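> File follows, protein-v7.cif with mmCIF, C-alpha atoms:
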data_my_file
#
loop_
_atom_site.label_atom_id
_atom_site.label_comp_id
_atom_site.auth_asym_id
_atom_site.auth_seq_id
_atom_site.Cartn_x
_atom_site.Cartn_y
_atom_site.Cartn_z
CA MET A 46 99.20 151.65 149.66
CA ILE A 47 101.95 149.04 149.17
CA PRO A 48 105.42 150.57 148.66
CA SER A 49 106.87 150.07 145.17
CA PHE A 50 109.95 148.27 146.46
CA LEU A 51 107.66 145.63 148.06
CA LEU A 52 105.78 145.16 144.76
CA ARG A 53 109.08 144.63 142.93
CA ARG A 54 110.21 142.11 145.56
CA GLN A 55 106.88 140.25 145.27
CA ALA A 56 107.21 140.07 141.48
CA VAL A 57 110.76 138.70 141.74
CA THR A 58 109.58 136.04 144.22
CA GLN A 59 106.72 134.97 141.90
CA ARG A 60 109.09 134.65 138.93
CA ARG A 61 111.47 132.52 140.99
CA GLN A 62 108.59 130.25 142.09
CA LEU A 63 107.48 129.86 138.48
CA VAL A 64 111.01 128.94 137.35
CA LYS A 65 111.26 126.34 140.13
CA ALA A 66 107.88 124.86 139.19
CA LEU A 67 108.85 124.56 135.53
CA ALA A 68 112.17 123.00 136.45
CA ALA A 69 110.36 120.42 138.54
CA THR A 70 107.96 119.56 135.71
CA PRO A 71 109.11 116.53 133.64
CA ALA A 72 110.28 117.57 130.16
CA ALA A 73 108.22 114.81 128.59
CA ILE A 74 105.03 116.30 130.05
CA LEU A 75 105.89 119.75 128.76
CA ALA A 76 106.77 118.37 125.32
CA SER A 77 103.59 116.32 125.23
CA SER A 78 101.46 119.32 126.14
CA TRP A 79 103.20 121.43 123.52
CA THR A 80 102.80 118.74 120.86
CA ALA A 81 99.13 118.26 121.69
CA ALA A 82 98.51 122.00 121.53
CA ARG A 83 100.24 122.20 118.17
CA ALA A 84 98.29 119.23 116.85
CA GLN A 85 94.96 120.66 117.93
CA GLY A 86 95.69 124.15 116.70
CA GLU A 87 97.73 123.74 113.54
CA TYR A 88 97.62 120.16 112.24
CA PRO A 89 97.77 119.58 109.34
CA ALA A 90 99.84 122.49 108.08
CA ARG A 91 101.16 120.77 104.95
CA PRO A 92 100.29 117.83 102.63
CA ILE A 93 100.00 114.34 104.14
CA ARG A 94 101.89 111.44 102.57
CA LEU A 95 99.81 108.24 102.34
CA VAL A 96 102.15 105.30 101.66
CA VAL A 97 100.72 102.29 99.82
CA PRO A 98 103.02 99.22 100.11
CA PHE A 99 101.90 97.87 96.72
CA ALA A 100 102.07 99.04 93.14
CA ALA A 101 99.80 101.56 91.45
CA GLY A 102 96.57 99.92 90.31
CA SER A 103 96.52 97.43 93.21
CA THR A 104 93.43 97.33 95.41
CA PRO A 105 95.11 99.14 98.35
CA ASP A 106 96.18 101.83 95.89
CA VAL A 107 92.64 102.23 94.53
CA PHE A 108 91.27 102.41 98.08
CA ALA A 109 93.86 104.98 99.13
CA ARG A 110 93.16 107.24 96.17
CA ILE A 111 89.39 107.17 96.60
CA VAL A 112 89.39 107.72 100.36
CA GLY A 113 92.42 110.02 100.41
CA ASP A 114 90.83 112.34 97.88
CA ARG A 115 87.69 112.69 100.02
CA ALA A 116 89.60 113.01 103.33
CA SER A 117 91.73 115.82 101.91
CA GLN A 118 88.62 118.00 101.85
CA GLY A 119 88.16 117.72 105.61
CA LEU A 120 91.87 117.94 106.34
CA LYS A 121 92.16 120.98 104.05
CA GLN A 122 95.48 119.62 102.81
CA PRO A 123 96.31 117.31 99.88
CA VAL A 124 96.69 113.59 100.65
CA VAL A 125 99.55 112.49 98.38
CA ILE A 126 99.76 108.79 97.47
CA GLU A 127 103.22 107.21 97.41
CA ASN A 128 103.62 103.61 96.18
CA ARG A 129 106.47 101.69 97.85
CA SER A 130 106.03 98.03 96.89
CA GLY A 131 108.24 95.11 97.82
CA ALA A 132 108.85 92.33 100.39
CA GLY A 133 105.18 91.32 100.57
CA GLY A 134 104.17 94.83 101.61
CA ASN A 135 106.80 95.04 104.35
CA LEU A 136 108.92 97.62 102.56
CA GLY A 137 106.27 100.33 102.33
CA THR A 138 104.77 99.54 105.72
CA ASP A 139 108.25 99.83 107.25
CA VAL A 140 108.52 103.31 105.70
CA VAL A 141 105.46 104.26 107.76
CA ALA A 142 106.72 102.55 110.92
CA LYS A 143 110.01 104.46 110.78
CA ALA A 144 108.58 107.83 109.74
CA ALA A 145 108.43 110.79 112.11
CA PRO A 146 105.34 110.37 114.32
CA ASP A 147 103.90 113.74 113.38
CA GLY A 148 100.88 112.75 111.29
CA TYR A 149 102.43 113.68 107.96
CA THR A 150 103.25 110.10 106.93
CA ILE A 151 100.54 107.42 107.24
CA GLY A 152 99.89 104.14 105.47
CA ALA A 153 97.14 102.09 103.82
CA SER A 154 98.05 98.44 104.29
CA ILE A 155 96.58 94.93 104.34
CA THR A 156 96.56 91.72 106.37
CA GLY A 157 100.02 90.55 105.26
CA PRO A 158 102.23 93.44 106.43
CA LEU A 159 99.88 94.35 109.29
CA VAL A 160 99.35 90.85 110.73
CA ASN A 161 100.42 87.68 108.95
CA ASN A 162 103.96 88.62 108.01
CA SER A 163 104.80 88.74 111.71
CA VAL A 164 104.33 84.95 111.69
CA LEU A 165 105.80 84.25 108.25
CA TYR A 166 109.01 86.24 108.43
CA ARG A 167 111.80 85.05 110.69
CA LYS A 168 112.90 88.66 111.02
CA MET A 169 110.71 91.70 110.43
CA PRO A 170 112.07 95.26 110.02
CA TYR A 171 109.22 96.43 112.26
CA ASP A 172 106.65 95.03 114.69
CA PRO A 173 103.15 95.86 113.39
CA PHE A 174 101.69 95.65 116.90
CA ARG A 175 104.37 97.83 118.51
CA ASP A 176 105.64 100.19 115.80
CA LEU A 177 102.34 101.19 114.20
CA ALA A 178 99.33 103.09 115.55
CA PRO A 179 95.94 102.04 114.08
CA ILE A 180 93.89 104.91 112.68
CA THR A 181 90.81 103.11 111.40
CA PHE A 182 89.70 99.95 109.68
CA GLY A 183 88.99 100.64 106.02
CA VAL A 184 87.22 98.10 103.85
CA HIS A 185 86.43 94.42 103.54
CA GLN A 186 86.63 92.78 100.15
CA ALA A 187 86.26 89.20 99.00
CA ASN A 188 88.90 87.31 97.13
CA VAL A 189 87.83 85.46 94.00
CA ILE A 190 89.32 82.07 93.16
CA ALA A 191 89.84 82.37 89.40
CA VAL A 192 91.44 80.01 86.91
CA THR A 193 92.50 80.01 83.30
CA PRO A 194 89.86 78.38 81.05
CA SER A 195 92.57 76.07 79.70
CA LEU A 196 92.32 74.01 82.90
CA GLY A 197 88.89 72.82 81.76
CA VAL A 198 87.24 73.14 85.20
CA ASN A 199 83.96 74.88 85.98
CA THR A 200 83.62 74.48 89.76
CA LEU A 201 85.90 74.62 92.76
CA ARG A 202 85.34 70.93 93.42
CA GLU A 203 86.49 70.11 89.89
CA LEU A 204 89.61 72.21 90.50
CA MET A 205 90.32 70.40 93.74
CA ASP A 206 89.96 67.03 92.03
CA LEU A 207 92.32 68.14 89.27
CA LEU A 208 94.95 69.28 91.76
CA ARG A 209 94.63 66.05 93.74
CA ARG A 210 95.24 63.96 90.63
CA ASN A 211 98.21 66.06 89.50
CA PRO A 212 100.37 67.07 92.48
CA GLY A 213 103.05 69.56 91.55
CA LYS A 214 101.84 70.08 87.98
CA TYR A 215 100.11 73.43 88.49
CA ASN A 216 100.97 76.76 90.06
CA TYR A 217 99.17 79.84 91.32
CA ALA A 218 99.85 83.57 91.47
CA SER A 219 99.43 85.67 94.61
CA ILE A 220 100.16 89.24 95.69
CA GLY A 221 102.69 88.03 98.23
CA VAL A 222 103.36 85.61 101.04
CA GLY A 223 100.99 86.17 103.95
CA SER A 224 98.22 87.82 101.96
CA LEU A 225 94.76 86.26 101.78
CA SER A 226 95.66 85.70 98.13
CA HIS A 227 98.35 83.32 99.38
CA LEU A 228 96.64 81.78 102.42
CA SER A 229 93.36 80.92 100.72
CA MET A 230 95.26 78.91 98.12
CA GLU A 231 97.39 77.27 100.81
CA MET A 232 94.18 76.12 102.47
CA LEU A 233 93.06 74.60 99.17
CA LYS A 234 96.41 72.81 98.93
CA SER A 235 95.94 71.45 102.42
CA LEU A 236 92.43 70.22 101.70
CA THR A 237 93.43 68.57 98.42
CA HIS A 238 96.57 67.04 99.93
CA SER A 239 98.32 68.29 96.82
CA PHE A 240 101.39 70.31 96.01
CA VAL A 241 100.73 73.47 93.96
CA VAL A 242 103.60 75.86 93.31
CA HIS A 243 103.23 79.34 94.79
CA VAL A 244 104.43 82.23 92.60
CA PRO A 245 104.23 85.57 94.47
CA TYR A 246 104.00 88.93 92.67
CA ASN A 247 104.18 92.48 94.00
CA SER A 248 100.70 93.53 92.89
CA SER A 249 97.34 92.18 91.77
CA PRO A 250 97.74 93.48 88.17
CA ALA A 251 101.02 91.57 87.88
CA ALA A 252 99.44 88.41 89.30
CA VAL A 253 96.50 88.57 86.89
CA THR A 254 98.82 89.20 83.96
CA SER A 255 100.78 86.07 84.85
CA VAL A 256 97.63 83.94 84.62
CA LEU A 257 96.54 85.56 81.36
CA GLN A 258 99.96 84.94 79.84
CA GLY A 259 100.02 81.32 80.93
CA ASP A 260 102.88 81.72 83.41
CA THR A 261 100.53 80.58 86.19
CA HIS A 262 97.27 78.64 86.15
CA MET A 263 95.10 80.21 88.85
CA THR A 264 94.90 82.95 91.46
CA SER A 265 92.92 84.23 94.43
CA LEU A 266 92.49 87.99 94.18
CA ALA A 267 90.08 90.81 94.87
CA PRO A 268 87.16 91.14 92.41
CA LEU A 269 88.51 94.47 91.19
CA ALA A 270 91.56 92.64 89.84
CA VAL A 271 89.95 89.60 88.23
CA MET A 272 86.34 90.39 87.31
CA PRO A 273 87.11 92.44 84.17
CA GLN A 274 88.96 89.37 82.83
CA VAL A 275 86.17 87.04 83.98
CA GLN A 276 83.60 89.19 82.20
CA ALA A 277 85.79 89.15 79.08
CA GLY A 278 85.88 85.33 79.18
CA LYS A 279 89.63 85.20 79.82
CA LEU A 280 89.30 83.81 83.37
CA LYS A 281 86.71 81.69 85.21
CA ALA A 282 85.49 82.68 88.71
CA LEU A 283 84.92 79.58 90.86
CA ALA A 284 84.30 80.94 94.39
CA VAL A 285 84.54 83.95 96.71
CA SER A 286 86.33 83.86 100.05
CA THR A 287 83.83 85.74 102.22
CA ALA A 288 81.15 84.14 104.40
CA HIS A 289 78.41 85.57 102.18
CA ARG A 290 78.13 85.93 98.42
CA VAL A 291 79.21 89.24 96.93
CA ALA A 292 76.17 91.31 95.91
CA GLN A 293 77.70 92.16 92.53
CA LEU A 294 78.57 88.47 91.91
CA PRO A 295 75.38 86.63 92.88
CA ASP A 296 76.18 83.53 90.82
CA VAL A 297 79.63 82.91 92.36
CA PRO A 298 79.40 80.61 95.43
CA THR A 299 81.29 81.08 98.67
CA LEU A 300 84.14 78.73 99.59
CA ARG A 301 81.91 77.07 102.18
CA GLU A 302 79.14 76.56 99.63
CA ALA A 303 81.75 74.98 97.36
CA GLY A 304 82.82 72.57 100.10
CA VAL A 305 85.79 74.39 101.65
CA PRO A 306 85.29 75.13 105.39
CA MET A 307 86.90 78.54 105.35
CA ASP A 308 86.17 82.22 104.85
CA GLY A 309 88.23 85.39 104.97
CA SER A 310 88.38 89.01 103.91
CA ALA A 311 91.10 90.81 101.97
CA TRP A 312 90.83 93.88 104.17
CA ILE A 313 92.59 97.24 104.12
CA GLY A 314 93.22 99.62 107.03
CA LEU A 315 94.96 102.89 107.83
CA VAL A 316 97.92 103.19 110.21
CA ALA A 317 100.40 105.78 111.46
CA PRO A 318 103.81 105.51 113.16
CA ALA A 319 103.64 104.55 116.83
CA GLY A 320 104.01 107.58 119.03
CA THR A 321 101.88 109.82 116.83
CA PRO A 322 100.12 112.22 119.26
CA ALA A 323 96.61 111.20 120.24
CA PRO A 324 95.05 114.46 118.95
CA VAL A 325 96.59 113.80 115.52
CA ILE A 326 95.30 110.21 115.46
CA GLU A 327 91.88 111.51 116.49
CA ARG A 328 91.88 114.09 113.68
CA LEU A 329 92.97 111.53 111.09
CA ASN A 330 90.38 109.05 112.34
CA HIS A 331 87.64 111.68 112.22
CA GLU A 332 88.41 112.76 108.66
CA PHE A 333 88.98 109.30 107.16
CA VAL A 334 85.91 107.84 108.88
CA ALA A 335 83.87 110.78 107.59
CA ALA A 336 85.28 110.17 104.12
CA MET A 337 84.26 106.50 104.13
CA ARG A 338 80.80 107.33 105.46
CA ASP A 339 80.22 109.89 102.74
CA PRO A 340 77.54 108.39 100.44
CA ALA A 341 79.37 109.30 97.24
CA THR A 342 82.62 107.76 98.51
CA ARG A 343 80.82 104.59 99.68
CA GLU A 344 79.37 104.18 96.20
CA LYS A 345 82.81 104.60 94.62
CA LEU A 346 84.20 101.94 96.95
CA LYS A 347 81.26 99.62 96.33
CA ALA A 348 81.84 99.94 92.59
CA GLN A 349 85.30 98.47 93.30
CA TYR A 350 83.74 95.59 95.33
CA MET A 351 84.83 97.20 98.63
CA ASP A 352 82.56 97.44 101.69
CA ALA A 353 83.58 100.28 104.01
CA GLU A 354 83.43 99.60 107.75
CA PRO A 355 85.36 102.43 109.45
CA GLY A 356 85.59 102.60 113.23
CA THR A 357 87.78 103.62 116.14
CA PRO A 358 91.54 103.01 116.46
CA ALA A 359 90.83 100.63 119.37
CA GLN A 360 88.43 98.58 117.26
CA PHE A 361 91.00 98.26 114.47
CA ALA A 362 93.69 97.23 116.98
CA ALA A 363 91.40 94.51 118.37
CA PHE A 364 90.57 93.31 114.85
CA MET A 365 94.26 92.96 113.97
CA LYS A 366 94.83 90.81 117.07
CA ALA A 367 91.82 88.65 116.17
CA GLU A 368 93.17 88.16 112.65
CA LEU A 369 96.51 87.05 114.07
CA ALA A 370 94.72 84.47 116.23
CA LYS A 371 92.78 83.26 113.18
CA TRP A 372 95.50 83.08 110.54
CA GLY A 373 98.60 82.43 112.64
CA PRO A 374 97.77 78.72 113.08
CA VAL A 375 96.93 78.41 109.37
CA ILE A 376 100.32 79.81 108.43
CA LYS A 377 102.13 77.51 110.85
CA ARG A 378 100.26 74.46 109.55
CA SER A 379 101.20 75.40 105.99
CA GLY A 380 104.86 75.42 106.96
CA ALA A 381 105.40 78.67 105.05
CA THR A 382 108.28 80.79 106.30
CA ILE A 383 110.45 83.54 104.86
CA ASP A 384 114.06 84.01 105.91
#
Please re-express this file's structure in structure tokens.


Amino acid sequence: MIPSFLLRRQAVTQRRQLVKALAATPAAILASSWTAARAQGEYPARPIRLVVPFAAGSTPDVFARIVGDRASQGLKQPVVIENRSGAGGNLGTDVVAKAAPDGYTIGASITGPLVNNSVLYRKMPYDPFRDLAPITFGVHQANVIAVTPSLGVNTLRELMDLLRRNPGKYNYASIGVGSLSHLSMEMLKSLTHSFVVHVPYNSSPAAVTSVLQGDTHMTSLAPLAVMPQVQAGKLKALAVSTAHRVAQLPDVPTLREAGVPMDGSAWIGLVAPAGTPAPVIERLNHEFVAAMRDPATREKLKAQYMDAEPGTPAQFAAFMKAELAKWGPVIKRSGATID
């Protein structure tokens, strides 16, 4: 039998060894382990803020509300939409980039603030490739080139001829510099060797309203924004931007079919602040991917002309880099910059 004083001495020695081991362990590793454990065991413990960098009623807003509502069921916490529009989507996306990386502030953003603005803006408040963590790709959607009937054109080629004959006479509305809404029209300008005035707005409803009121003559926007006005006879749809025709718009040709060698998607994706723990990103990815794969949610998105293609964070990161390689040269050729 071991004497009690030896047992006490052994216990003291073990405690001292444990203290030394903990002291030798980097604090970052301990903090990371603690954060990961918390994330796996307790996250989310309160509502999640989903920031949309455009106004209510915009296509990113509609996407966020549809998908956020479904994801909240799996997360077992409300997903609260917050609209923070301005600066071509940079303002709201910067809110996400600078938020605490704890999974309680995420964003639903588009090609401008996530990719193209890094080329357009001389100075960005954040770096989308350094300060944001991709969660998942969301949806693809076509843009529709639509014009006011007062222009008297019925095809994209007729529009191009009109612009070529009247440089500087017409203008177009977009949802901001760097968006597909802007770049698709800049490509048309380049191909027509014409000057058409760009008038940016902070949302698709505002851009459509400007065309309806006669403040602008044409626009390139998601079907959700323009098709109700096309169906009412207040706008004419001349082409869609995607490589293939939109199933719900079988009579509207693609840009390539109309003679413009270009295609593009007005996509939306989900991001979090850089540094968000991997277990939190994994949980968010799991729930939002599940939401977009839910048949009822897919049908709701399809009714808004959105095709869901969720995937892994790595796939979304690679897609963003590919988009930069695709559109960066287009932006530089256009000469568009923002101080």

> Determine, counting all atoms listed in the file, which protein, DNA and RNA residues have an atom within 12 Å of an atom of Ser248 (chain A); residues of the same chain fewer than 2 positions away are not included. Present the result as a ChimeraX atom specification.

/A:97-107,128-134,218-222,224,226,244-246,250-255,266-267,270

> Would you pick out the contacts of Met230 (chain A) at 9 Å or less, using only C-alpha atoms, so that residues sharing its chain but fewer than 3 positions from it are not included, and give the list as a PyMOL selection string?

chain A and resi 190+217+219+225-227+233-235+241+243+264-265

> Measuring atom to atom with only C-alpha atoms, identify which of A:Ala362, A:Met169, A:Ile93, A:Leu280 is nearest to Ile126 (chain A).

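The shortest atom-to-atom distance to Ile126 (chain A) comes from A:Ile93.
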
> Please write as number ranges by chain the full residue list that the PyMOL selection byres ((chain A and resi 156-160) around 9) yields on this file.

A: 98, 133-139, 154-155, 161-164, 172-174, 177, 221-225, 310-314, 365-366, 368-369, 372-373

> The PyMOL selection byres ((chain A and resi 150) around 12) - which residues does that actually catch in the file I just gave you? List them as a ChimeraX atom specification.

/A:89,91-97,124-127,137-149,151-153,177-178,315-319,321,325-326,329

> With all atoms listed in the file counted and 12 Å as the cut-off, give the residues of region 167-231 of chain A in contact with region 341-357 of chain A, each with its shortest interatomic distance in Å and the pair that gives it, as a tab-separated table.


residue	atom	partner	partner_atom	distance
A:Ala178	CA	A:Thr357	CA	11.6
A:Pro179	CA	A:Thr357	CA	8.6
A:Ile180	CA	A:Thr357	CA	7.1
A:Thr181	CA	A:Gly356	CA	5.6
A:Phe182	CA	A:Pro355	CA	5.0
A:Gly183	CA	A:Pro355	CA	5.3
A:Val184	CA	A:Ala353	CA	4.2
A:His185	CA	A:Asp352	CA	5.2
A:Gln186	CA	A:Met351	CA	5.0
A:Ala187	CA	A:Tyr350	CA	7.8
A:Asn188	CA	A:Tyr350	CA	9.9
A:Val189	CA	A:Tyr350	CA	11.0

> From the options A:Ala116, A:Ile383, A:Val305, A:Ala90, which residue's atoms come nearest to Lys168 (chain A), counting all atoms listed in the file?

A:Ile383

> Taking 4 positions as the minimum chain separation for residues in the same chain, which residues sit within 7 Å of region 294-299 of chain A when counting all atoms listed in the file? Answer as a PyMOL selection string.

chain A and resi 282-290+303

> Could you save those same residues with C-alpha atoms as a short mmCIF file (atom, residue, chain, number, x, y, z; two decimals), in the coordinates of the input?


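Output (selection.cif):
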data_model
loop_
_atom_site.label_atom_id
_atom_site.label_comp_id
_atom_site.auth_asym_id
_atom_site.auth_seq_id
_atom_site.Cartn_x
_atom_site.Cartn_y
_atom_site.Cartn_z
CA ALA A 282 85.49 82.68 88.71
CA LEU A 283 84.92 79.58 90.86
CA ALA A 284 84.30 80.94 94.39
CA VAL A 285 84.54 83.95 96.71
CA SER A 286 86.33 83.86 100.05
CA THR A 287 83.83 85.74 102.22
CA ALA A 288 81.15 84.14 104.40
CA HIS A 289 78.41 85.57 102.18
CA ARG A 290 78.13 85.93 98.42
CA ALA A 303 81.75 74.98 97.36
#

> Suppose you want the space between CA of Val112 (chain A) and CA of Phe364 (chain A); what is it in Å?

20.5 Å

> Return the single residue from A:Val198, A:Asp206, A:Arg115, A:Glu87 that is closest to Val334 (chain A), with distances computed using only C-alpha atoms.

A:Arg115

> To one decimal place, how far is CA of Pro374 (chain A) from CA of Thr200 (chain A) in Å?

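Those two atoms sit 27.6 Å apart.
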
> State, in Å with one decimal place, the distance from CA of Lys281 (chain A) to CA of Asn199 (chain A).

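One can read the CA of Lys281 (chain A) to CA of Asn199 (chain A) distance as 7.4 Å.
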
> Could you give me, as a ChimeraX atom specification, the residues that sit within 12 Å of (94.6, 69.7, 100.2) in the file's coordinates, counting only C-alpha atoms?

/A:202,204-212,229-241,305-306,378-379

> Taking the file as I've supplied it (selection: the PyMOL selection byres ((chain A and resi 195) around 12)), which residues are included? Please answer as a PyMOL selection string.

chain A and resi 191-194+196-199+204+215+256-259+261-263+278-281

> Can you sort out region 180-198 of chain A so it carries N, CA and C atoms, written as a CSV table (one decimal), in the coordinates of the input?


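Output contents, as saved in selection-v4.csv:
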chain,number,residue,atom,x,y,z
A,180,ILE,N,94.7,103.7,112.9
A,180,ILE,CA,93.9,104.9,112.7
A,180,ILE,C,92.4,104.5,112.6
A,181,THR,N,92.1,103.6,111.6
A,181,THR,CA,90.8,103.1,111.4
A,181,THR,C,90.8,101.9,110.4
A,182,PHE,N,89.9,101.0,110.7
A,182,PHE,CA,89.7,100.0,109.7
A,182,PHE,C,89.1,100.6,108.4
A,183,GLY,N,89.4,100.1,107.3
A,183,GLY,CA,89.0,100.6,106.0
A,183,GLY,C,87.9,99.9,105.4
A,184,VAL,N,88.2,98.8,104.6
A,184,VAL,CA,87.2,98.1,103.8
A,184,VAL,C,87.5,96.6,103.9
A,185,HIS,N,86.4,95.9,103.8
A,185,HIS,CA,86.4,94.4,103.5
A,185,HIS,C,86.3,94.2,102.0
A,186,GLN,N,86.9,93.2,101.5
A,186,GLN,CA,86.6,92.8,100.2
A,186,GLN,C,86.9,91.3,100.0
A,187,ALA,N,86.1,90.6,99.2
A,187,ALA,CA,86.3,89.2,99.0
A,187,ALA,C,87.4,89.0,98.1
A,188,ASN,N,88.0,87.8,98.2
A,188,ASN,CA,88.9,87.3,97.1
A,188,ASN,C,88.1,86.4,96.2
A,189,VAL,N,88.5,86.4,95.0
A,189,VAL,CA,87.8,85.5,94.0
A,189,VAL,C,88.9,84.4,93.6
A,190,ILE,N,88.5,83.1,93.7
A,190,ILE,CA,89.3,82.1,93.2
A,190,ILE,C,89.0,82.0,91.7
A,191,ALA,N,90.0,82.3,90.9
A,191,ALA,CA,89.8,82.4,89.4
A,191,ALA,C,90.9,81.5,88.7
A,192,VAL,N,90.5,80.9,87.6
A,192,VAL,CA,91.4,80.0,86.9
A,192,VAL,C,91.4,80.3,85.4
A,193,THR,N,92.5,79.9,84.8
A,193,THR,CA,92.5,80.0,83.3
A,193,THR,C,91.6,79.0,82.7
A,194,PRO,N,90.8,79.3,81.7
A,194,PRO,CA,89.9,78.4,81.0
A,194,PRO,C,90.6,77.1,80.5
A,195,SER,N,91.8,77.2,80.2
A,195,SER,CA,92.6,76.1,79.7
A,195,SER,C,92.6,74.9,80.7
A,196,LEU,N,92.4,75.1,82.0
A,196,LEU,CA,92.3,74.0,82.9
A,196,LEU,C,91.1,73.1,82.7
A,197,GLY,N,90.1,73.6,82.1
A,197,GLY,CA,88.9,72.8,81.8
A,197,GLY,C,88.0,72.5,83.0
A,198,VAL,N,88.1,73.4,84.0
A,198,VAL,CA,87.2,73.1,85.2
A,198,VAL,C,86.2,74.3,85.3
